[in-house]
Amino acid sequence: MTPHPPVSIAMVAGETSGDLLAGRMLSGLRPLLPDARLHGIGGPEMARWGFHSDVPMDKLAVRGLFEVLAHYREIKSIQVRLRDSLLQERPAVFVGVDAPDFNLGLETQLRAAGIPTVHFISPSIWAWRGGRIKKIARAVSHMLVVFPFEEEIYRKAGVPVTYVGHPLAEVIPMEPDCAAARAQLGLAADASVLAILPGSRMSELRYNAVTFVQAAALLLQRDQKLQVIAPMAGAVQASYFRQLLQQAGLSDVPLTILDGQSHRAIAAADAVLVASGTATLEVALFKKPMVIAYKMMAASWQVLRHMGYQPWVGLPNILAREFVVPELLQHAATPLAIANALSRQLDDQSLRTRLQDRFTMMHHDLLRNTASLSAQAVLDVMAAHPVAPAGKR
């Protein structure tokens, strides 16, 4: 008897945050399917569970309307090649992790060909481009959502959905150990520490890095004992960050660039200057005061600023439904404005206490066994939608 080939599961994560989410799912899925072939596009967290990336993940890590257009041909070519190979291979399921502009188009074509699709983490249809719900309904066999309010949106649209909690709420401890993080980073226990996180994408570094460091430089003028740390997503980002600082004449600003270790840096910090995105939620789960700042290409900003449904862009503010932390975007994100906002986050103890209490409540709301729930949802989709071999549909 010819042995059956191992089950194949294809996945695509387009950036660092998606890699973390997918890694959490795979931590629950791999023990249940120890021999499964896991491949597609992903990063180091997915690789820990035996995932093979057919294309470097950073090829997809482009943000901003016009920035994406500049890379459209390359990204589209990757999507087409991956689609064609998966239509030939016919994996048991395709899991798209975030990256909706890439994954939803791919999922639509795969699902139409009889390959079930799971999308892990909903696009922000509650924030902007709500019309995408129709495209999602065509593309997705099952949606996994990480915020509790998202379930009702998909139920009303007739899309099968499971709330799995947010993986970061499990990964990040309810009571982070600041002293241990500082010891591991070689920081004094009684130091005043600022962490700056200008983004993991190259385009984010291009528009945010210099402004973030200029703001840090202003704070250092006010407090020369302040220690500034800047975790970078990888060696390429760290090199580009240094290049940007050198070009801006900021090479002499005293800060420590870290290779990875973003969670350790956040845990060690008294306050965090962070670019809009998943990192804002990470900072909230670490119960840290923060200022959210973000800049992008001017043309992208002119288009995108009119497309939002709500006044917030940072996840902590969206979840709280109010501005619990400052947001300084585009022209408002000046070094002086950022520095002044950070000064309050560093110095106002009553504000720091209120934020810690609010973020602790948020953490409890998002805490579920995400690895188990997401893995079981994938298995259920595979069982409900068996894939016919090519030519036998």
# chains A, B, ... in the order shown; residues from 1 in each chain; ligands from 1
$ select_by_dssp --residues "stretch 54-204 of chain A" --states "helix (DSSP H, G or I)" --output "ChimeraX atom specification"
/A:57-59,65-70,72-89,100-112,132-139,150-156,167-171,178-185,202-204
$ closest_residue --among "A:Ala10, A:Leu205, A:Ala92, A:Ala188" --to "A:Ala383" --atoms "only C-alpha atoms"
A:Ala92
$ select_by_dssp --residues "stretch 22-239 of chain A" --states "strand (DSSP E or B)" --output "PDB file with C-alpha atoms, in the first residue's frame"
ATOM      1  CA  ARG A  37       4.283  20.230   5.473  1.00  0.00           C
ATOM      2  CA  LEU A  38       4.065  23.911   6.357  1.00  0.00           C
ATOM      3  CA  HIS A  39       5.160  26.406   3.721  1.00  0.00           C
ATOM      4  CA  GLY A  40       4.391  29.665   1.914  1.00  0.00           C
ATOM      5  CA  ILE A  41       5.668  33.032   3.120  1.00  0.00           C
ATOM      6  CA  GLY A  42       6.654  33.677   6.713  1.00  0.00           C
ATOM      7  CA  PHE A  51       7.620  26.309   8.440  1.00  0.00           C
ATOM      8  CA  HIS A  52       9.510  26.822   5.174  1.00  0.00           C
ATOM      9  CA  SER A  53       9.266  30.247   3.544  1.00  0.00           C
ATOM     10  CA  ASP A  54       9.287  29.989  -0.245  1.00  0.00           C
ATOM     11  CA  VAL A  55       9.770  33.770  -0.551  1.00  0.00           C
ATOM     12  CA  PRO A  56      11.487  36.160   1.900  1.00  0.00           C
ATOM     13  CA  VAL A  93      -6.000  24.571   3.734  1.00  0.00           C
ATOM     14  CA  PHE A  94      -4.582  28.019   3.106  1.00  0.00           C
ATOM     15  CA  VAL A  95      -4.139  30.364   6.065  1.00  0.00           C
ATOM     16  CA  GLY A  96      -3.673  34.045   5.295  1.00  0.00           C
ATOM     17  CA  VAL A  97      -2.262  35.919   8.263  1.00  0.00           C
ATOM     18  CA  THR A 117      -9.213  29.376   3.302  1.00  0.00           C
ATOM     19  CA  VAL A 118      -8.774  30.700   6.823  1.00  0.00           C
ATOM     20  CA  HIS A 119      -7.947  34.341   7.434  1.00  0.00           C
ATOM     21  CA  PHE A 120      -6.279  35.044  10.762  1.00  0.00           C
ATOM     22  CA  TRP A 128     -11.956  52.068   7.258  1.00  0.00           C
ATOM     23  CA  HIS A 142     -13.534  30.966   8.101  1.00  0.00           C
ATOM     24  CA  MET A 143     -12.391  34.181   9.781  1.00  0.00           C
ATOM     25  CA  LEU A 144     -10.399  34.194  13.018  1.00  0.00           C
ATOM     26  CA  VAL A 145     -10.733  37.471  14.917  1.00  0.00           C
ATOM     27  CA  VAL A 161     -16.073  33.376  12.543  1.00  0.00           C
ATOM     28  CA  THR A 162     -14.262  32.438  15.747  1.00  0.00           C
ATOM     29  CA  TYR A 163     -12.938  34.827  18.383  1.00  0.00           C
ATOM     30  CA  VAL A 193      14.368  54.631  30.120  1.00  0.00           C
ATOM     31  CA  LEU A 194      12.692  55.545  26.841  1.00  0.00           C
ATOM     32  CA  ALA A 195      12.157  52.934  24.124  1.00  0.00           C
ATOM     33  CA  ILE A 196      11.606  54.113  20.569  1.00  0.00           C
ATOM     34  CA  LEU A 197       9.922  51.802  18.047  1.00  0.00           C
ATOM     35  CA  GLN A 227      18.635  56.190  28.543  1.00  0.00           C
ATOM     36  CA  VAL A 228      17.218  55.613  25.063  1.00  0.00           C
ATOM     37  CA  ILE A 229      16.942  52.171  23.491  1.00  0.00           C
ATOM     38  CA  ALA A 230      15.819  51.350  19.951  1.00  0.00           C
ATOM     39  CA  PRO A 231      15.026  47.704  19.131  1.00  0.00           C
ATOM     40  CA  MET A 232      15.255  46.885  15.427  1.00  0.00           C
TER      41      MET A 232
END
$ closest_residue --among "A:Pro148, A:Gly314, A:Gly249, A:Pro167" --to "A:Ala284" --atoms "only C-alpha atoms"
A:Gly314
$ residues_around --residues "A:Pro173" --least-positions-apart "6" --cutoff "12 Å" --atoms "only C-alpha atoms" --output "list in words"
Pro167, His263, Arg264, Ala267, Glu282, Val283, Ala284, Leu285, Phe286, Lys287, Thr360, His363, His364 and Leu367 of chain A
$ write_last_selection --atoms "C-alpha atoms" --output "CSV table (one decimal), in the first residue's frame"
chain,number,residue,atom,x,y,z
A,167,PRO,CA,-2.0,35.9,20.9
A,263,HIS,CA,9.5,42.9,24.1
A,264,ARG,CA,12.5,43.2,26.4
A,267,ALA,CA,9.4,45.8,29.5
A,282,GLU,CA,2.2,45.3,22.6
A,283,VAL,CA,3.1,48.4,24.6
A,284,ALA,CA,-0.4,48.5,26.2
A,285,LEU,CA,-0.2,44.8,27.2
A,286,PHE,CA,3.2,45.6,28.9
A,287,LYS,CA,1.2,48.4,30.7
A,360,THR,CA,-4.6,45.6,32.8
A,363,HIS,CA,-5.2,42.5,28.8
A,364,HIS,CA,-7.8,40.5,30.6
A,367,LEU,CA,-6.7,36.8,27.0
$ residues_around --residues "A:Val274" --least-positions-apart "5" --cutoff "8 Å" --atoms "only C-alpha atoms" --output "compact mmCIF listing (two decimals) with C-alpha atoms, in the first residue's frame"
# COMPACT_ATOMS: atom_id res chain seq x y z
CA ILE A 196 11.61 54.11 20.57
CA LEU A 197 9.92 51.80 18.05
CA PRO A 198 9.70 53.57 14.67
CA GLY A 199 8.37 50.47 12.85
CA ALA A 279 3.31 47.40 18.41
CA THR A 280 0.93 49.86 20.10
CA MET A 290 3.22 55.65 25.31
CA VAL A 291 2.98 58.24 22.60
CA ILE A 292 1.84 56.99 19.20
CA ALA A 293 3.35 58.82 16.25
